[in-house]
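Next comes my_file_17.txt, with compact mmCIF, C-alpha atoms.
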```txt
# COMPACT_ATOMS: atom_id res chain seq x y z
CA MET N 1 0.00 0.00 0.00
CA GLU N 2 1.59 3.25 -1.15
CA ILE N 3 -1.14 5.85 -0.79
CA SER N 4 -3.64 6.48 1.99
CA VAL N 5 -6.17 9.27 2.43
CA GLN N 6 -7.51 8.88 5.93
CA ARG N 7 -8.99 10.56 8.97
CA GLU N 8 -6.77 8.66 11.42
CA ASP N 9 -3.31 9.68 12.59
CA PHE N 10 -0.24 7.72 11.43
CA ASP N 11 3.05 6.41 12.84
CA ALA N 12 5.76 7.98 10.67
CA ALA N 13 8.58 5.87 12.14
CA ALA N 14 6.68 2.63 11.55
CA GLU N 15 5.87 3.67 7.98
CA ALA N 16 9.53 4.48 7.27
CA ARG N 17 10.64 1.17 8.81
CA ARG N 18 8.23 -0.72 6.56
CA LEU N 19 10.05 0.63 3.48
CA THR N 20 13.24 -1.23 4.41
CA GLU N 21 11.81 -4.32 6.07
CA GLY N 22 13.33 -7.57 4.79
CA ARG N 23 15.76 -5.93 2.39
CA ALA N 24 19.35 -4.65 2.57
CA ASP N 25 19.69 -2.75 -0.71
CA VAL N 26 18.18 0.55 0.48
CA GLY N 27 20.77 3.20 1.29
CA ALA N 28 18.56 6.18 2.05
CA VAL N 29 15.13 6.83 3.52
CA VAL N 30 13.75 10.36 3.65
CA THR N 31 10.69 11.01 5.80
CA PHE N 32 8.76 14.27 5.70
CA VAL N 33 5.90 15.01 8.09
CA GLY N 34 3.75 18.12 7.69
CA LEU N 35 2.25 19.38 10.96
CA CYS N 36 -0.55 21.71 11.95
CA ARG N 37 0.91 24.97 13.36
CA ASP N 38 -0.87 26.98 16.06
CA GLU N 39 -0.09 30.30 14.29
CA GLY N 40 1.12 31.94 17.49
CA GLY N 41 -1.77 30.56 19.55
CA ARG N 42 -4.52 31.91 17.26
CA LEU N 43 -5.44 28.60 15.63
CA ALA N 44 -7.65 26.07 17.44
CA ALA N 45 -7.94 23.54 14.62
CA LEU N 46 -7.86 22.97 10.90
CA GLU N 47 -10.73 21.29 9.13
CA ILE N 48 -9.50 19.58 6.00
CA GLU N 49 -11.99 18.81 3.25
CA HIS N 50 -11.09 16.55 0.34
CA TYR N 51 -12.51 15.15 -2.88
CA PRO N 52 -12.84 11.41 -2.21
CA GLY N 53 -11.68 9.37 -5.15
CA MET N 54 -9.88 12.20 -6.88
CA ALA N 55 -7.53 12.77 -3.92
CA GLU N 56 -6.24 9.20 -4.18
CA ALA N 57 -6.16 9.32 -8.00
CA GLU N 58 -4.26 12.61 -8.12
CA ILE N 59 -1.70 11.47 -5.53
CA ALA N 60 -1.28 8.27 -7.59
CA ARG N 61 -0.50 10.37 -10.70
CA VAL N 62 2.09 12.37 -8.76
CA VAL N 63 3.61 9.14 -7.37
CA GLU N 64 3.82 7.68 -10.87
CA GLU N 65 5.68 10.77 -12.06
CA ALA N 66 8.12 10.56 -9.11
CA ARG N 67 8.80 6.91 -9.90
CA ALA N 68 9.50 7.80 -13.53
CA ARG N 69 12.02 10.47 -12.50
CA TRP N 70 13.97 8.82 -9.69
CA PRO N 71 15.07 5.23 -8.97
CA LEU N 72 12.88 4.70 -5.92
CA MET N 73 12.83 1.42 -4.01
CA GLY N 74 9.85 2.30 -1.87
CA LEU N 75 7.47 5.11 -1.23
CA ARG N 76 4.62 6.00 1.11
CA VAL N 77 2.18 8.92 1.09
CA ILE N 78 -0.48 9.54 3.74
CA HIS N 79 -2.74 12.61 3.76
CA ARG N 80 -5.27 13.14 6.51
CA PHE N 81 -8.62 14.90 6.37
CA GLY N 82 -11.14 16.00 9.00
CA GLU N 83 -10.31 17.98 12.12
CA ILE N 84 -6.63 18.38 12.93
CA ARG N 85 -5.36 20.29 15.96
CA PRO N 86 -2.09 22.23 16.36
CA GLY N 87 0.83 19.87 16.83
CA GLU N 88 -0.92 17.02 15.04
CA GLN N 89 0.33 15.43 11.84
CA ILE N 90 -1.31 16.24 8.49
CA VAL N 91 0.77 14.59 5.80
CA LEU N 92 3.54 12.01 5.43
CA VAL N 93 5.84 11.47 2.49
CA ALA N 94 8.53 8.78 2.79
CA THR N 95 10.88 7.72 0.03
CA ALA N 96 13.51 5.00 -0.16
CA SER N 97 16.35 4.73 -2.64
CA ALA N 98 19.89 3.42 -2.95
CA HIS N 99 21.31 6.93 -2.49
CA ARG N 100 20.21 10.07 -0.67
CA GLY N 101 19.99 12.33 -3.71
CA ALA N 102 17.03 10.52 -5.24
CA ALA N 103 15.28 10.06 -1.89
CA PHE N 104 15.57 13.76 -0.97
CA ALA N 105 14.58 15.03 -4.41
CA ALA N 106 11.62 12.67 -4.78
CA ALA N 107 10.28 13.54 -1.31
CA GLU N 108 10.46 17.27 -2.05
CA PHE N 109 8.90 16.82 -5.48
CA LEU N 110 6.06 14.77 -4.00
CA MET N 111 5.31 17.42 -1.37
CA ASP N 112 5.46 20.31 -3.84
CA TYR N 113 3.13 18.52 -6.25
CA LEU N 114 0.75 17.34 -3.54
CA LYS N 115 0.29 20.91 -2.37
CA ALA N 116 -0.33 22.19 -5.88
CA ARG N 117 -2.46 19.34 -7.28
CA ALA N 118 -4.08 17.11 -4.65
CA PRO N 119 -7.70 18.17 -3.97
CA PHE N 120 -7.61 19.13 -0.29
CA TRP N 121 -8.81 22.39 1.26
CA LYS N 122 -8.06 23.71 4.74
CA ARG N 123 -10.38 25.80 6.85
CA ALA N 124 -9.09 27.44 10.01
CA ARG N 125 -10.96 27.62 13.30
CA ARG N 126 -9.68 30.25 15.71
CA ALA N 127 -8.94 29.73 19.38
CA ASP N 128 -11.79 32.17 20.21
CA GLY N 129 -14.28 29.77 18.61
CA THR N 130 -14.92 31.67 15.39
CA VAL N 131 -14.32 30.24 11.95
CA GLU N 132 -11.55 32.12 10.20
CA GLY N 133 -12.50 30.78 6.80
CA TRP N 134 -10.76 28.91 4.02
CA VAL N 135 -6.99 29.02 3.89
CA GLU N 136 -5.88 30.79 0.72
CA ALA N 137 -3.55 29.08 -1.71
CA LYS N 138 -0.07 30.57 -1.73
CA GLU N 139 1.51 31.60 -4.97
CA ALA N 140 4.79 30.34 -3.53
CA ASP N 141 3.38 26.80 -3.59
CA ASP N 142 2.72 27.01 -7.32
CA VAL N 143 6.23 28.37 -7.81
CA SER N 144 7.64 25.45 -5.80
CA ALA N 145 5.77 22.96 -7.99
CA ALA N 146 6.64 24.75 -11.24
CA ARG N 147 10.39 24.53 -10.66
CA TRP N 148 10.15 20.76 -11.28
CA SER N 149 8.61 21.29 -14.72
CA ARG N 150 10.73 20.17 -17.58
CA ALA N 151 11.56 22.84 -20.11
CA MET D 1 -23.86 14.80 -15.73
CA LYS D 2 -23.13 15.04 -12.04
CA ALA D 3 -21.67 18.30 -10.74
CA VAL D 4 -19.81 18.33 -7.42
CA TYR D 5 -18.61 21.35 -5.47
CA PHE D 6 -15.98 21.72 -2.76
CA ALA D 7 -14.87 24.20 -0.09
CA TRP D 8 -16.17 27.76 -0.60
CA VAL D 9 -17.56 26.92 -4.03
CA ARG D 10 -19.81 24.35 -2.29
CA GLU D 11 -20.80 26.87 0.39
CA ARG D 12 -21.68 29.60 -2.09
CA VAL D 13 -23.60 27.29 -4.42
CA GLY D 14 -25.40 25.92 -1.37
CA LYS D 15 -25.07 22.23 -2.20
CA ALA D 16 -22.37 19.56 -2.45
CA GLU D 17 -23.62 17.92 -5.64
CA GLU D 18 -26.43 17.86 -8.18
CA GLU D 19 -27.41 16.50 -11.55
CA ILE D 20 -27.08 19.07 -14.32
CA ASP D 21 -28.21 18.95 -17.93
CA PRO D 22 -26.52 21.79 -19.81
CA PRO D 23 -27.68 22.66 -23.34
CA ALA D 24 -25.65 21.49 -26.33
CA GLU D 25 -23.94 24.86 -26.83
CA VAL D 26 -22.17 24.44 -23.47
CA ALA D 27 -19.04 22.78 -24.88
CA THR D 28 -16.20 23.54 -22.49
CA VAL D 29 -15.45 23.86 -18.78
CA ALA D 30 -15.43 27.65 -19.22
CA ASP D 31 -18.85 27.53 -20.95
CA LEU D 32 -20.22 25.45 -18.09
CA ILE D 33 -18.95 27.93 -15.51
CA ALA D 34 -20.62 30.79 -17.42
CA TRP D 35 -23.86 28.78 -17.72
CA LEU D 36 -23.91 27.85 -14.01
CA SER D 37 -23.12 31.38 -12.89
CA ARG D 38 -26.35 32.60 -14.50
CA ARG D 39 -28.51 30.29 -12.37
CA ASP D 40 -28.85 32.41 -9.23
CA GLU D 41 -26.97 34.67 -6.83
CA GLY D 42 -25.25 31.77 -5.06
CA TYR D 43 -23.80 30.38 -8.29
CA ALA D 44 -22.94 33.90 -9.46
CA HIS D 45 -21.03 34.48 -6.21
CA ALA D 46 -19.24 31.11 -6.44
CA PHE D 47 -18.12 31.71 -10.01
CA GLU D 48 -17.65 35.51 -9.91
CA ASN D 49 -13.93 35.12 -10.58
CA PRO D 50 -13.67 32.22 -13.08
CA SER D 51 -9.88 32.56 -13.35
CA ILE D 52 -9.37 31.19 -9.83
CA ILE D 53 -11.89 28.34 -10.13
CA ARG D 54 -10.36 24.90 -10.66
CA ALA D 55 -12.24 22.09 -12.38
CA ALA D 56 -11.90 18.34 -12.73
CA LEU D 57 -13.53 16.04 -15.29
CA ASP D 58 -14.04 12.49 -14.04
CA ARG D 59 -11.61 13.17 -11.19
CA ALA D 60 -8.70 14.55 -13.22
CA HIS D 61 -7.74 18.24 -13.43
CA ALA D 62 -9.22 19.98 -16.47
CA ARG D 63 -8.42 23.33 -18.10
CA PRO D 64 -11.11 25.92 -18.93
CA GLU D 65 -10.92 25.00 -22.62
CA ALA D 66 -11.40 21.25 -21.96
CA ARG D 67 -14.52 19.80 -23.58
CA VAL D 68 -17.17 18.48 -21.20
CA ALA D 69 -19.00 16.14 -23.60
CA GLY D 70 -18.96 12.56 -22.35
CA ALA D 71 -17.87 13.39 -18.81
CA ARG D 72 -19.87 11.69 -16.06
CA GLU D 73 -18.70 13.95 -13.25
CA ILE D 74 -17.46 17.52 -13.21
CA ALA D 75 -16.08 19.14 -10.08
CA PHE D 76 -15.51 22.80 -9.24
CA PHE D 77 -13.34 24.00 -6.39
CA PRO D 78 -10.92 26.71 -5.24
CA PRO D 79 -7.13 26.35 -5.58
CA MET D 80 -5.96 23.45 -3.43
CA THR D 81 -4.47 24.03 0.02
CA GLY D 82 -3.44 20.55 1.12
CA GLY D 83 -0.09 19.28 2.30
```
Whole structure given in structure tokens:
Amino acid sequence: MEISVQREDFDAAAEARRLTEGRADVGAVVTFVGLCRDEGGRLAALEIEHYPGMAEAEIARVVEEARARWPLMGLRVIHRFGEIRPGEQIVLVATASAHRGAAFAAAEFLMDYLKARAPFWKRARRADGTVEGWVEAKEADDVSAARWSRA
Amino acid sequence: MKAVYFAWVRERVGKAEEEIDPPAEVATVADLIAWLSRRDEGYAHAFENPSIIRAALDRAHARPEARVAGAREIAFFPPMTGG
């Protein structure tokens, strides 16, 4: 299982371990975990909405592209939805390869593309109980994704 | 065809999904946005700035000029903010 879109939390260390279980040819594992920030105490929770079916399909397309670009020996992507509180985990990307270069690059590519393409939307709830509204997409995220585009 | 809406597009339209039956002259994603935005104030509000609306045809991203004929499901939503 490479891709999960789920409400439940995940164990990043266990997921990373699973990529190397029973094999000795992996030289590098990169694990990235995206967390919910408290925005200086203002944020009570994020509510993450997603497009069931397309979220998995879009992540699968991004994974396929990563596999075509780098010699990956294993890979795991988990993206949560529902209510997530400050300090909690939102997203996991883990990549395994023979060497660190491919594992680092593929993990960063996967995160940049997930942010730009996977159908998830965050809404912020403030500590004072009010709903702050939908988080706006950052132009910087599109720029991060675009730098991987081939000329 | 089934139309599905997410995030603030869903809130402004006032529903998560519906069956739509656009006339034959509605050929592209952009045409469909223009057609929907004429329905009522909620749709007009949701689609007031078509350049920031994202669309997907059968669960794959689609550009405004993409043709909608044959699609079973079309989705409209704001720019993604996952990760």
Considering all atoms listed in the file, extract the chain N residues located within 9 Å of chain D and return them as a short mmCIF file (atom, residue, chain, number, x, y, z; two decimals) with C-alpha atoms, in the coordinates of the input.
```
data_model
loop_
_atom_site.label_atom_id
_atom_site.label_comp_id
_atom_site.auth_asym_id
_atom_site.auth_seq_id
_atom_site.Cartn_x
_atom_site.Cartn_y
_atom_site.Cartn_z
CA GLY N 34 3.75 18.12 7.69
CA LEU N 35 2.25 19.38 10.96
CA ILE N 48 -9.50 19.58 6.00
CA GLU N 49 -11.99 18.81 3.25
CA HIS N 50 -11.09 16.55 0.34
CA TYR N 51 -12.51 15.15 -2.88
CA GLY N 53 -11.68 9.37 -5.15
CA MET N 54 -9.88 12.20 -6.88
CA ALA N 55 -7.53 12.77 -3.92
CA ALA N 57 -6.16 9.32 -8.00
CA GLU N 58 -4.26 12.61 -8.12
CA HIS N 79 -2.74 12.61 3.76
CA ILE N 90 -1.31 16.24 8.49
CA VAL N 91 0.77 14.59 5.80
CA LEU N 92 3.54 12.01 5.43
CA MET N 111 5.31 17.42 -1.37
CA ASP N 112 5.46 20.31 -3.84
CA LEU N 114 0.75 17.34 -3.54
CA LYS N 115 0.29 20.91 -2.37
CA ALA N 116 -0.33 22.19 -5.88
CA ARG N 117 -2.46 19.34 -7.28
CA ALA N 118 -4.08 17.11 -4.65
CA PRO N 119 -7.70 18.17 -3.97
CA PHE N 120 -7.61 19.13 -0.29
CA TRP N 121 -8.81 22.39 1.26
CA LYS N 122 -8.06 23.71 4.74
CA ARG N 123 -10.38 25.80 6.85
CA GLY N 133 -12.50 30.78 6.80
CA TRP N 134 -10.76 28.91 4.02
CA VAL N 135 -6.99 29.02 3.89
CA GLU N 136 -5.88 30.79 0.72
CA ALA N 137 -3.55 29.08 -1.71
CA LYS N 138 -0.07 30.57 -1.73
#
```
Excluding Asp9 (chain N) and its own-chain neighbours fewer than 2 positions away, which residues fall within 12 Å of it when counting all atoms listed in the file? Please give them as an MDAnalysis selection string. chainID N and resid 4:7 11:12 15 33 35 78:85 87:92
I'd like the contact shell of Phe109 (chain N) - 12 Å cut-off, all atoms listed in the file, skipping same-chain residues fewer than 3 positions apart - returned as a ChimeraX atom specification. /N:32,59,62-67,69-70,93-95,102-106,112-117,141,144-149
So the first atom is CA of Arg72 (chain D) and the second is CA of Ala3 (chain D); what is the distance between them in Å, to one decimal place?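 Straight-line distance from CA of Arg72 (chain D) to CA of Ala3 (chain D) works out to 8.7 Å.
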Point out the residue among D:Ala44, D:Ala27, D:Met1, D:Ile33 with the least atom-to-atom distance to Val13 (chain D), counting all atoms listed in the file.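 Once distances to Val13 (chain D) are computed over all atoms listed in the file, the minimum belongs to D:Ala44.
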Using only C-alpha atoms, the best pick from D:Glu41, D:Ala55, D:Leu36, D:Ile20 as closest to Arg67 (chain D) would be D:Ala55
With all atoms listed in the file as the counted atoms, please give the residues lying no more than 7 Å from Gly42 (chain D), apart from itself and same-chain residues fewer than 2 positions off, as a PDB file with C-alpha atoms, in the frame of the given file.
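And here's result.pdb as it stands now:
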```
ATOM      1  CA  ARG D  12     -21.680  29.600  -2.090  1.00  0.00           C
ATOM      2  CA  VAL D  13     -23.600  27.290  -4.420  1.00  0.00           C
ATOM      3  CA  GLY D  14     -25.400  25.920  -1.370  1.00  0.00           C
ATOM      4  CA  ASP D  40     -28.850  32.410  -9.230  1.00  0.00           C
ATOM      5  CA  ALA D  44     -22.940  33.900  -9.460  1.00  0.00           C
ATOM      6  CA  HIS D  45     -21.030  34.480  -6.210  1.00  0.00           C
ATOM      7  CA  ALA D  46     -19.240  31.110  -6.440  1.00  0.00           C
TER       8      ALA D  46
END
```
My list of candidates is N:Ala60, N:Ala140, N:Leu46, N:Val26. Which is closest to Arg125 (chain N) when distances are computed with all atoms listed in the file?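 Answer, going by the shortest atom-to-atom distance: N:Leu46.
Note that CA of Val77 (chain N) and CA of Val30 (chain N) are 11.9 Å apart.
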Just to confirm, what's the straight-line distance from CA of Glu17 (chain D) to CA of Arg38 (chain D) in Å (one decimal)?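 Computing the Euclidean distance for CA of Glu17 (chain D) and CA of Arg38 (chain D) yields 17.4 Å.
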Provide region 80-93 of chain N rebuilt to N, CA and C atoms, formatted as a PDB file, in the coordinates of the input.
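Result went into rebuild05.pdb, see below:
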```pdb
ATOM      1  N   ARG N  80      -4.084  13.216   5.655  1.00  0.00           N
ATOM      2  CA  ARG N  80      -5.270  13.140   6.510  1.00  0.00           C
ATOM      3  C   ARG N  80      -6.318  14.174   6.112  1.00  0.00           C
ATOM      4  N   PHE N  81      -7.559  13.920   6.519  1.00  0.00           N
ATOM      5  CA  PHE N  81      -8.620  14.900   6.370  1.00  0.00           C
ATOM      6  C   PHE N  81      -9.404  14.939   7.676  1.00  0.00           C
ATOM      7  N   GLY N  82     -10.375  15.851   7.764  1.00  0.00           N
ATOM      8  CA  GLY N  82     -11.140  16.000   9.000  1.00  0.00           C
ATOM      9  C   GLY N  82     -10.504  17.032   9.901  1.00  0.00           C
ATOM     10  N   GLU N  83     -10.829  16.972  11.194  1.00  0.00           N
ATOM     11  CA  GLU N  83     -10.310  17.980  12.120  1.00  0.00           C
ATOM     12  C   GLU N  83      -8.919  17.623  12.617  1.00  0.00           C
ATOM     13  N   ILE N  84      -8.014  18.584  12.500  1.00  0.00           N
ATOM     14  CA  ILE N  84      -6.630  18.380  12.930  1.00  0.00           C
ATOM     15  C   ILE N  84      -6.218  19.563  13.799  1.00  0.00           C
ATOM     16  N   ARG N  85      -5.700  19.248  14.989  1.00  0.00           N
ATOM     17  CA  ARG N  85      -5.360  20.290  15.960  1.00  0.00           C
ATOM     18  C   ARG N  85      -3.870  20.636  15.887  1.00  0.00           C
ATOM     19  N   PRO N  86      -3.507  21.828  16.373  1.00  0.00           N
ATOM     20  CA  PRO N  86      -2.090  22.230  16.360  1.00  0.00           C
ATOM     21  C   PRO N  86      -1.208  21.158  17.000  1.00  0.00           C
ATOM     22  N   GLY N  87      -0.096  20.890  16.353  1.00  0.00           N
ATOM     23  CA  GLY N  87       0.830  19.870  16.830  1.00  0.00           C
ATOM     24  C   GLY N  87       0.579  18.512  16.216  1.00  0.00           C
ATOM     25  N   GLU N  88      -0.608  18.316  15.642  1.00  0.00           N
ATOM     26  CA  GLU N  88      -0.920  17.020  15.040  1.00  0.00           C
ATOM     27  C   GLU N  88      -0.355  16.926  13.619  1.00  0.00           C
ATOM     28  N   GLN N  89      -0.217  15.699  13.174  1.00  0.00           N
ATOM     29  CA  GLN N  89       0.330  15.430  11.840  1.00  0.00           C
ATOM     30  C   GLN N  89      -0.752  15.543  10.777  1.00  0.00           C
ATOM     31  N   ILE N  90      -0.378  16.114   9.617  1.00  0.00           N
ATOM     32  CA  ILE N  90      -1.310  16.240   8.490  1.00  0.00           C
ATOM     33  C   ILE N  90      -0.934  15.295   7.356  1.00  0.00           C
ATOM     34  N   VAL N  91       0.350  15.298   7.013  1.00  0.00           N
ATOM     35  CA  VAL N  91       0.770  14.590   5.800  1.00  0.00           C
ATOM     36  C   VAL N  91       2.122  13.906   6.022  1.00  0.00           C
ATOM     37  N   LEU N  92       2.265  12.749   5.408  1.00  0.00           N
ATOM     38  CA  LEU N  92       3.540  12.010   5.430  1.00  0.00           C
ATOM     39  C   LEU N  92       3.963  11.699   3.998  1.00  0.00           C
ATOM     40  N   VAL N  93       5.231  11.971   3.720  1.00  0.00           N
ATOM     41  CA  VAL N  93       5.840  11.470   2.490  1.00  0.00           C
ATOM     42  C   VAL N  93       7.125  10.774   2.892  1.00  0.00           C
TER      43      VAL N  93
END
```
